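Asks: Just one file: run.cif, with mmCIF, C-alpha atoms and all ligand atoms.
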```cif
data_upload
loop_
_atom_site.label_atom_id
_atom_site.label_comp_id
_atom_site.auth_asym_id
_atom_site.auth_seq_id
_atom_site.Cartn_x
_atom_site.Cartn_y
_atom_site.Cartn_z
CA MET A 1 32.58 52.76 62.93
CA THR A 2 29.57 53.66 60.84
CA VAL A 3 30.59 55.85 57.91
CA ILE A 4 27.17 56.49 56.38
CA ASN A 5 24.01 56.33 58.44
CA THR A 6 20.62 57.53 57.27
CA THR A 7 17.37 57.37 59.22
CA GLU A 8 14.07 57.65 57.39
CA LEU A 9 15.81 59.90 54.86
CA THR A 10 13.19 61.25 52.47
CA LYS A 11 13.18 63.60 49.49
CA ARG A 12 10.07 64.80 47.74
CA TYR A 13 9.99 66.90 44.61
CA ASN A 14 6.69 68.71 44.04
CA GLY A 15 4.96 66.23 46.35
CA GLU A 16 6.41 63.21 44.49
CA SER A 17 8.69 61.02 46.56
CA ALA A 18 12.15 60.44 45.04
CA VAL A 19 13.59 58.76 48.18
CA THR A 20 11.31 57.37 50.88
CA GLU A 21 12.29 56.76 54.52
CA LEU A 22 15.68 55.34 53.62
CA ASP A 23 17.58 53.59 56.42
CA LEU A 24 21.10 52.93 55.22
CA VAL A 25 24.19 51.90 57.18
CA VAL A 26 27.64 51.63 55.60
CA GLN A 27 30.50 50.49 57.81
CA ASP A 28 34.10 51.63 57.85
CA GLY A 29 36.23 49.92 55.20
CA GLU A 30 33.33 48.55 53.15
CA ILE A 31 32.89 48.73 49.40
CA TYR A 32 29.15 49.27 49.12
CA GLY A 33 27.36 49.20 45.77
CA PHE A 34 24.19 51.27 45.56
CA LEU A 35 22.11 49.83 42.75
CA GLY A 36 18.76 50.55 41.22
CA PRO A 37 17.01 51.18 37.93
CA ASN A 38 16.94 54.63 36.30
CA GLY A 39 15.09 57.09 38.49
CA ALA A 40 15.28 54.88 41.61
CA GLY A 41 16.70 57.72 43.70
CA LYS A 42 20.43 56.90 43.84
CA SER A 43 21.74 60.32 42.83
CA THR A 44 19.18 62.05 45.03
CA THR A 45 20.44 60.02 48.00
CA ILE A 46 24.05 60.94 47.21
CA ASP A 47 23.04 64.58 46.83
CA MET A 48 21.47 64.50 50.30
CA LEU A 49 24.57 62.86 51.80
CA MET A 50 26.71 65.62 50.31
CA ASN A 51 24.21 68.36 51.20
CA TYR A 52 23.78 69.30 47.54
CA THR A 53 20.07 69.02 48.23
CA ARG A 54 18.18 69.14 51.52
CA PRO A 55 16.07 66.21 52.71
CA SER A 56 12.32 66.69 53.06
CA ALA A 57 12.49 64.53 56.20
CA GLY A 58 14.83 62.22 58.07
CA THR A 59 18.50 62.53 58.97
CA ALA A 60 21.89 61.52 57.60
CA THR A 61 25.35 61.33 59.11
CA VAL A 62 28.55 60.90 57.09
CA LEU A 63 31.83 60.02 58.85
CA GLY A 64 29.94 60.54 62.11
CA LEU A 65 29.13 64.15 61.13
CA ASP A 66 25.76 65.70 60.40
CA ALA A 67 25.26 65.81 56.64
CA GLN A 68 23.83 69.34 56.75
CA GLN A 69 25.51 71.07 59.70
CA ASP A 70 28.97 69.67 59.01
CA ALA A 71 28.91 69.57 55.21
CA SER A 72 32.20 71.49 54.80
CA GLU A 73 34.15 69.06 56.96
CA ILE A 74 32.51 66.10 55.21
CA HIS A 75 33.54 67.53 51.82
CA VAL A 76 37.17 67.86 52.90
CA ARG A 77 37.26 64.21 54.04
CA THR A 78 35.27 62.77 51.13
CA GLY A 79 36.37 62.20 47.54
CA ILE A 80 33.39 62.74 45.27
CA LEU A 81 32.85 61.74 41.66
CA PRO A 82 29.51 63.36 40.90
CA ASP A 83 26.95 62.22 38.37
CA GLN A 84 27.56 64.04 35.05
CA PHE A 85 31.03 65.15 36.07
CA GLY A 86 32.26 68.09 33.95
CA VAL A 87 35.79 69.41 33.50
CA TYR A 88 37.12 72.97 33.27
CA SER A 89 38.09 72.88 29.63
CA THR A 90 40.98 75.37 29.85
CA LEU A 91 42.66 73.73 32.85
CA THR A 92 45.05 70.80 32.50
CA GLY A 93 44.66 67.49 34.31
CA ARG A 94 47.45 68.51 36.67
CA GLU A 95 45.68 71.78 37.50
CA HIS A 96 42.41 69.97 38.25
CA VAL A 97 44.07 67.65 40.75
CA ALA A 98 46.24 70.42 42.25
CA TYR A 99 43.08 72.48 42.76
CA ILE A 100 41.42 69.71 44.79
CA LEU A 101 44.55 69.12 46.88
CA ASP A 102 44.78 72.83 47.58
CA ALA A 103 41.06 73.23 48.35
CA ASN A 104 41.21 70.37 50.86
CA GLY A 105 44.52 71.46 52.41
CA ALA A 106 45.96 68.09 51.40
CA THR A 107 49.35 67.08 50.08
CA GLY A 108 49.94 64.79 47.11
CA ASN A 109 51.63 64.58 43.77
CA PRO A 110 49.15 65.39 40.97
CA GLU A 111 51.27 63.59 38.39
CA GLY A 112 51.39 60.40 40.47
CA ILE A 113 47.64 60.55 41.07
CA LEU A 114 46.94 61.03 37.33
CA GLU A 115 49.25 58.11 36.53
CA ARG A 116 47.17 55.90 38.81
CA VAL A 117 44.11 56.52 36.63
CA GLY A 118 45.97 56.04 33.36
CA LEU A 119 46.37 59.74 32.51
CA GLY A 120 50.16 59.85 32.95
CA ASN A 121 50.57 60.90 29.30
CA ALA A 122 47.99 63.68 29.47
CA VAL A 123 49.01 65.43 32.68
CA ASP A 124 49.66 68.79 31.01
CA GLN A 125 47.00 68.55 28.33
CA ARG A 126 43.93 70.78 28.66
CA ALA A 127 41.00 68.74 29.95
CA GLY A 128 38.74 70.24 27.27
CA GLY A 129 40.63 68.07 24.79
CA TYR A 130 40.19 64.89 26.85
CA SER A 131 37.86 62.18 25.52
CA LYS A 132 34.75 61.32 27.57
CA GLY A 133 36.53 58.34 29.14
CA MET A 134 39.59 60.46 29.96
CA GLN A 135 37.36 63.05 31.61
CA GLN A 136 35.78 60.32 33.71
CA ARG A 137 39.23 59.14 34.77
CA LEU A 138 40.14 62.71 35.68
CA GLY A 139 37.02 62.79 37.86
CA LEU A 140 38.25 59.66 39.61
CA ALA A 141 41.73 61.19 40.07
CA MET A 142 40.12 64.24 41.70
CA ALA A 143 38.06 61.96 43.95
CA ILE A 144 41.10 60.04 45.25
CA ALA A 145 43.36 63.11 45.56
CA GLY A 146 44.37 63.75 49.15
CA GLU A 147 43.60 60.23 50.40
CA PRO A 148 40.01 60.84 51.55
CA ASP A 149 38.41 58.72 54.27
CA LEU A 150 35.34 58.14 52.12
CA LEU A 151 34.86 57.87 48.37
CA ILE A 152 31.42 58.55 46.93
CA LEU A 153 31.33 57.66 43.26
CA ASP A 154 28.20 58.18 41.19
CA GLU A 155 28.38 55.83 38.17
CA PRO A 156 32.20 55.55 38.12
CA PHE A 157 32.21 53.11 35.17
CA SER A 158 30.21 55.45 32.95
CA GLY A 159 31.78 56.10 29.52
CA LEU A 160 34.78 53.81 30.09
CA ASP A 161 36.23 51.14 27.80
CA PRO A 162 37.03 47.70 29.28
CA TYR A 163 40.53 48.83 30.20
CA GLY A 164 39.09 51.85 32.01
CA VAL A 165 36.52 49.68 33.78
CA ARG A 166 39.28 47.43 35.06
CA LEU A 167 41.30 50.44 36.15
CA VAL A 168 38.40 51.83 38.20
CA ARG A 169 38.05 48.44 39.83
CA GLU A 170 41.73 48.37 40.71
CA VAL A 171 41.72 51.93 42.05
CA VAL A 172 38.62 51.25 44.17
CA THR A 173 40.17 48.09 45.60
CA ALA A 174 43.47 49.86 46.31
CA GLU A 175 41.65 52.72 48.01
CA ARG A 176 39.88 50.29 50.28
CA GLU A 177 43.20 48.63 51.09
CA ARG A 178 44.54 52.06 52.02
CA GLY A 179 41.69 52.27 54.54
CA ALA A 180 39.01 54.23 52.71
CA THR A 181 35.32 53.34 52.63
CA VAL A 182 33.80 53.30 49.14
CA PHE A 183 30.14 53.97 48.33
CA PHE A 184 29.19 53.95 44.68
CA SER A 185 26.18 53.75 42.44
CA SER A 186 26.35 51.75 39.25
CA HIS A 187 24.45 50.03 36.49
CA VAL A 188 27.49 47.92 35.53
CA LEU A 189 26.42 44.96 37.57
CA ASP A 190 29.12 42.45 36.75
CA GLN A 191 31.70 44.92 38.06
CA VAL A 192 29.62 45.54 41.16
CA GLU A 193 29.57 41.83 41.81
CA ARG A 194 33.35 41.64 41.50
CA ILE A 195 34.28 44.35 43.98
CA CYS A 196 31.44 44.99 46.41
CA ASP A 197 31.30 43.61 49.93
CA ARG A 198 27.64 44.55 50.11
CA VAL A 199 25.05 45.96 47.80
CA GLY A 200 21.76 47.72 48.39
CA LEU A 201 19.02 47.67 45.80
CA LEU A 202 16.90 50.79 45.56
CA SER A 203 13.60 50.76 43.72
CA ASN A 204 11.15 53.67 43.59
CA GLY A 205 13.10 55.40 46.34
CA GLN A 206 12.98 52.45 48.73
CA LEU A 207 15.67 49.99 49.76
CA ILE A 208 14.12 46.68 48.73
CA ALA A 209 17.08 44.35 49.31
CA GLU A 210 20.52 44.47 50.87
CA GLY A 211 23.37 42.03 51.45
CA THR A 212 26.34 40.46 49.71
CA PRO A 213 25.96 39.90 45.95
CA LYS A 214 25.47 36.22 46.81
CA ASP A 215 22.72 37.10 49.33
CA LEU A 216 20.88 38.97 46.58
CA ARG A 217 21.18 36.10 44.12
CA ASP A 218 19.87 33.72 46.80
CA LEU A 219 17.06 36.09 47.78
CA ALA A 220 15.92 36.35 44.18
CA GLY A 221 16.16 32.57 43.82
CA VAL A 222 18.58 32.93 40.92
CA GLN A 223 19.70 29.46 39.88
CA THR A 224 22.77 28.02 38.23
CA GLN A 225 22.56 25.76 35.17
CA LEU A 226 25.01 22.92 34.86
CA ARG A 227 25.34 21.44 31.34
CA ILE A 228 26.98 18.06 31.13
CA ASP A 229 27.93 16.24 27.93
CA THR A 230 28.06 12.48 28.30
CA ASP A 231 28.94 9.67 25.90
CA SER A 232 25.59 7.93 26.41
CA ASP A 233 22.30 8.51 24.54
CA SER A 234 20.24 7.94 27.68
CA PRO A 235 22.37 8.48 30.79
CA SER A 236 20.91 7.58 34.15
CA THR A 237 19.74 10.75 35.89
CA GLN A 238 17.56 9.31 38.68
CA ALA A 239 20.23 9.68 41.40
CA ILE A 240 20.88 13.36 40.67
CA ARG A 241 17.15 14.16 40.62
CA GLU A 242 17.07 13.12 44.29
CA LEU A 243 19.96 15.36 45.38
CA ALA A 244 19.28 18.25 47.75
CA GLY A 245 18.81 21.56 45.94
CA VAL A 246 18.35 20.11 42.45
CA LYS A 247 15.37 21.91 40.92
CA ASP A 248 15.19 20.47 37.44
CA VAL A 249 16.94 17.89 35.28
CA SER A 250 16.53 17.52 31.53
CA ASP A 251 18.25 15.10 29.22
CA ASP A 252 18.55 15.52 25.48
CA ALA A 253 20.55 13.00 23.47
CA GLY A 254 23.24 12.65 26.11
CA GLN A 255 23.39 16.28 27.23
CA ILE A 256 22.08 16.69 30.77
CA VAL A 257 21.02 20.13 31.98
CA VAL A 258 20.65 20.51 35.74
CA THR A 259 19.16 23.58 37.44
CA CYS A 260 20.51 23.81 40.95
CA PRO A 261 22.35 26.14 43.36
CA ARG A 262 26.02 26.56 42.46
CA THR A 263 27.00 24.75 45.67
CA ALA A 264 25.24 21.57 44.43
CA CYS A 265 27.18 21.33 41.15
CA TYR A 266 30.03 19.28 42.59
CA SER A 267 27.62 16.71 44.13
CA VAL A 268 25.80 16.40 40.80
CA LEU A 269 29.02 15.64 38.91
CA GLU A 270 30.26 13.26 41.60
CA THR A 271 26.92 11.40 41.75
CA LEU A 272 26.81 11.00 37.98
CA ASP A 273 30.35 9.64 38.02
CA ASP A 274 29.44 7.23 40.85
CA THR A 275 26.49 5.92 38.85
CA GLY A 276 28.78 5.09 35.93
CA VAL A 277 27.93 7.99 33.63
CA ASN A 278 30.92 8.93 31.50
CA ILE A 279 31.22 12.75 31.65
CA GLN A 280 32.97 14.20 28.60
CA SER A 281 32.72 17.89 29.49
CA PHE A 282 30.63 20.25 31.55
CA ASP A 283 29.86 23.94 31.75
CA ILE A 284 28.44 26.00 34.60
CA GLU A 285 26.26 28.99 33.73
CA GLN A 286 25.86 30.93 36.90
CA GLY A 287 22.79 33.08 37.56
CA THR A 288 24.05 36.65 37.74
CA ILE A 289 23.39 39.56 40.00
CA GLU A 290 21.79 41.15 36.95
CA ASP A 291 19.17 38.37 36.97
CA ALA A 292 18.65 39.01 40.70
CA PHE A 293 18.45 42.78 40.16
CA VAL A 294 15.79 42.46 37.45
CA LYS A 295 13.76 39.93 39.42
CA LEU A 296 13.84 41.81 42.73
CA ALA A 297 13.13 45.20 41.09
CA THR A 298 10.27 43.73 39.05
CA ASP A 299 8.75 41.89 42.03
CA SER A 300 8.88 44.93 44.33
N1 LIG B 1 15.69 68.37 40.74
C1 LIG B 1 14.67 67.53 40.57
N2 LIG B 1 13.42 67.97 40.41
C2 LIG B 1 12.37 67.14 40.26
N3 LIG B 1 12.48 65.80 40.26
C3 LIG B 1 13.70 65.28 40.40
C4 LIG B 1 14.87 66.11 40.56
N4 LIG B 1 15.96 65.29 40.70
C5 LIG B 1 15.50 64.02 40.61
N5 LIG B 1 14.16 64.03 40.45
C6 LIG B 1 13.31 62.82 40.34
O1 LIG B 1 13.62 61.97 41.42
C7 LIG B 1 13.62 60.61 41.03
C8 LIG B 1 14.96 59.97 41.36
O2 LIG B 1 15.97 60.52 40.51
P1 LIG B 1 17.49 60.16 40.68
O3 LIG B 1 18.25 61.01 39.71
O4 LIG B 1 17.87 60.26 42.10
O5 LIG B 1 17.52 58.63 40.24
P2 LIG B 1 18.77 57.69 39.91
O6 LIG B 1 18.51 56.40 40.62
O7 LIG B 1 20.04 58.39 40.24
O8 LIG B 1 18.61 57.49 38.35
P3 LIG B 1 19.71 57.20 37.19
O9 LIG B 1 20.17 55.81 37.39
O10 LIG B 1 18.90 57.36 35.94
O11 LIG B 1 20.78 58.24 37.34
C9 LIG B 1 13.27 60.60 39.55
O12 LIG B 1 11.90 60.37 39.39
C10 LIG B 1 13.63 62.00 39.09
O13 LIG B 1 12.82 62.41 38.03
#
```
Here is the file; what I need is its structure written in the form of structure tokens.
Replies:
Amino acid sequence: MTVINTTELTKRYNGESAVTELDLVVQDGEIYGFLGPNGAGKSTTIDMLMNYTRPSAGTATVLGLDAQQDASEIHVRTGILPDQFGVYSTLTGREHVAYILDANGATGNPEGILERVGLGNAVDQRAGGYSKGMQQRLGLAMAIAGEPDLLILDEPFSGLDPYGVRLVREVVTAERERGATVFFSSHVLDQVERICDRVGLLSNGQLIAEGTPKDLRDLAGVQTQLRIDTDSDSPSTQAIRELAGVKDVSDDAGQIVVTCPRTACYSVLETLDDTGVNIQSFDIEQGTIEDAFVKLATDS
């Protein structure tokens, strides 16, 4: 089933296009990362999906329902962590989660939900006294309360320490295992790479690339560098220069640096070994999705 489907979805503010003819399809059970530089149109797209703002043109369905006509039903079935999430300072964490469960007619144990996001010790503390990271975790707890079919998370890693970042990752993965679909925007690209099935890259309101994180690295031509330390001052590199995929080989006082796709690294090492080069150690520096993101966004 298609969980999110937009057709030529467009939003203009004062004649300026924030999102332009966006065609987006997210399937049931996917973790989809919605990426893009500041001002690319990510939050505007989420706002249109949630009917917080009306499109200037085009259509969107969420969970098979019309994003505008059926917004109430979509809200009940969707857990949302909005951009710039704010707490009610006088309410406790427990009261925040209980409110969402009640509003959505759902059952659940607020304490258990808060424990899942690492707020087990702050359940009855007023949220106004929570740190920024704790408030963000509370936002995540409210999003997952009631086991929604879809999670829409706008910058879920924002303001979190490494422990919090890992926790979001674990919660997102667990939610998908439960059967939810997850759609989130993020600038924290290494995390995106670790959990997303697919990513879409938005630039100036347009979807300029889409696929698995690996697809995007390949599309951008991001290469891997393999550094090999040998015990020779002038190791023979002719055989590896002729291997498929090898882009560049340099040799400096026994250290060979090979630029090639990650899949070619094993052949390079094996070929060097076959030609009698004594490999002492090696290191693979993989091109990242961040490299791909910058290249694709700059080229577009
Ligand atoms: N209410 C508004 N009125 C006028 N322009 C707006 C409004 N909301 C967004 N925009 C403009 O629309 C464009 C897209 O903004 P949006 O917030 O969707 O980007 P974003 O990708 O979410 O950015 P960020 O990563 O910085 O959160 C920007 O140029 C922004 O200035």
Asks: Which residue out of A:Ala244, A:Ala122, A:Ala174, A:Ala71 has the minimum interatomic distance to A:Gly93 when all atoms listed in the file are used?
Replies: A:Ala122
Asks: So how far away is atom O11 of ligand LIG 1 (chain B) from atom CA of A:Leu65, in Å?
Replies: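 Rounded to one decimal, the two atoms are 25.9 Å apart.
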Asks: Using only C-alpha atoms and all ligand atoms, which residues have at least one atom no more than 9 Å from ligand LIG 1 (chain B)? Output them as a ChimeraX atom specification.
Replies: /A:11-14,16-19,35-47,53,83,154-155,185-187,202-205
Asks: What lies within 7 Å of A:Leu296 using only C-alpha atoms, ignoring chain neighbours under 4 positions off, as a list in words?
Replies: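 These residues fall inside the cut-off: Ala220, Ala292 and Ser300 of chain A.
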Asks: Expressed in Å to a single decimal, how great is the separation between atom CA of A:Val123 and atom CA of A:Asp102?
Replies: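 Separating atom CA of A:Val123 from atom CA of A:Asp102 is a distance of 17.2 Å.
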Asks: Could you give me, as a list in words, the residues that have an atom at most 10 Å away from the point (26.0, 11.5, 38.9) in the coordinates of the file, using all atoms listed in the file?
Replies: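 Residues satisfying the cut-off, written out: Pro235, Ser236, Thr237, Gln238, Ala239, Ile240, Arg241, Leu243, Tyr266, Ser267, Val268, Leu269, Glu270, Thr271, Leu272, Asp273, Asp274, Thr275, Gly276, Val277, Asn278 and Ile279 of chain A.
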Asks: Name all residues at most 6 Å from A:Phe34 (count only C-alpha atoms; drop same-chain ones fewer than 2 positions away) and give them as JSON, numbers by chain.
Replies: {"A": [184, 185, 199, 200]}
Asks: For a quick check of understanding, using all atoms listed in the file, which of A:Ser158, A:Thr90, A:Asn121, A:Gln206 has the smallest distance to A:Thr20?
Replies: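 Going through A:Ser158, A:Thr90, A:Asn121, A:Gln206 one by one, the smallest distance to A:Thr20 is for A:Gln206.
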Asks: Taking into account all atoms listed in the file, which residue in the set A:Thr78, A:Thr224, A:Gln280, A:Gln135 is nearest to A:Thr92?
Replies: A:Gln135
Asks: Using only C-alpha atoms, list the residues that have an atom at most 7 Å from (21.3, 33.1, 40.9), coordinates as in the file, as an NGL selection string.
Replies: :A and (217-218 or 221-224 or 286-289 or 291-292)
Asks: To one decimal in Å, tell me the separation between atom CA of A:Gly211 and atom CA of A:Val192.
Replies: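 Separation of atom CA of A:Gly211 and atom CA of A:Val192: 12.5 Å.
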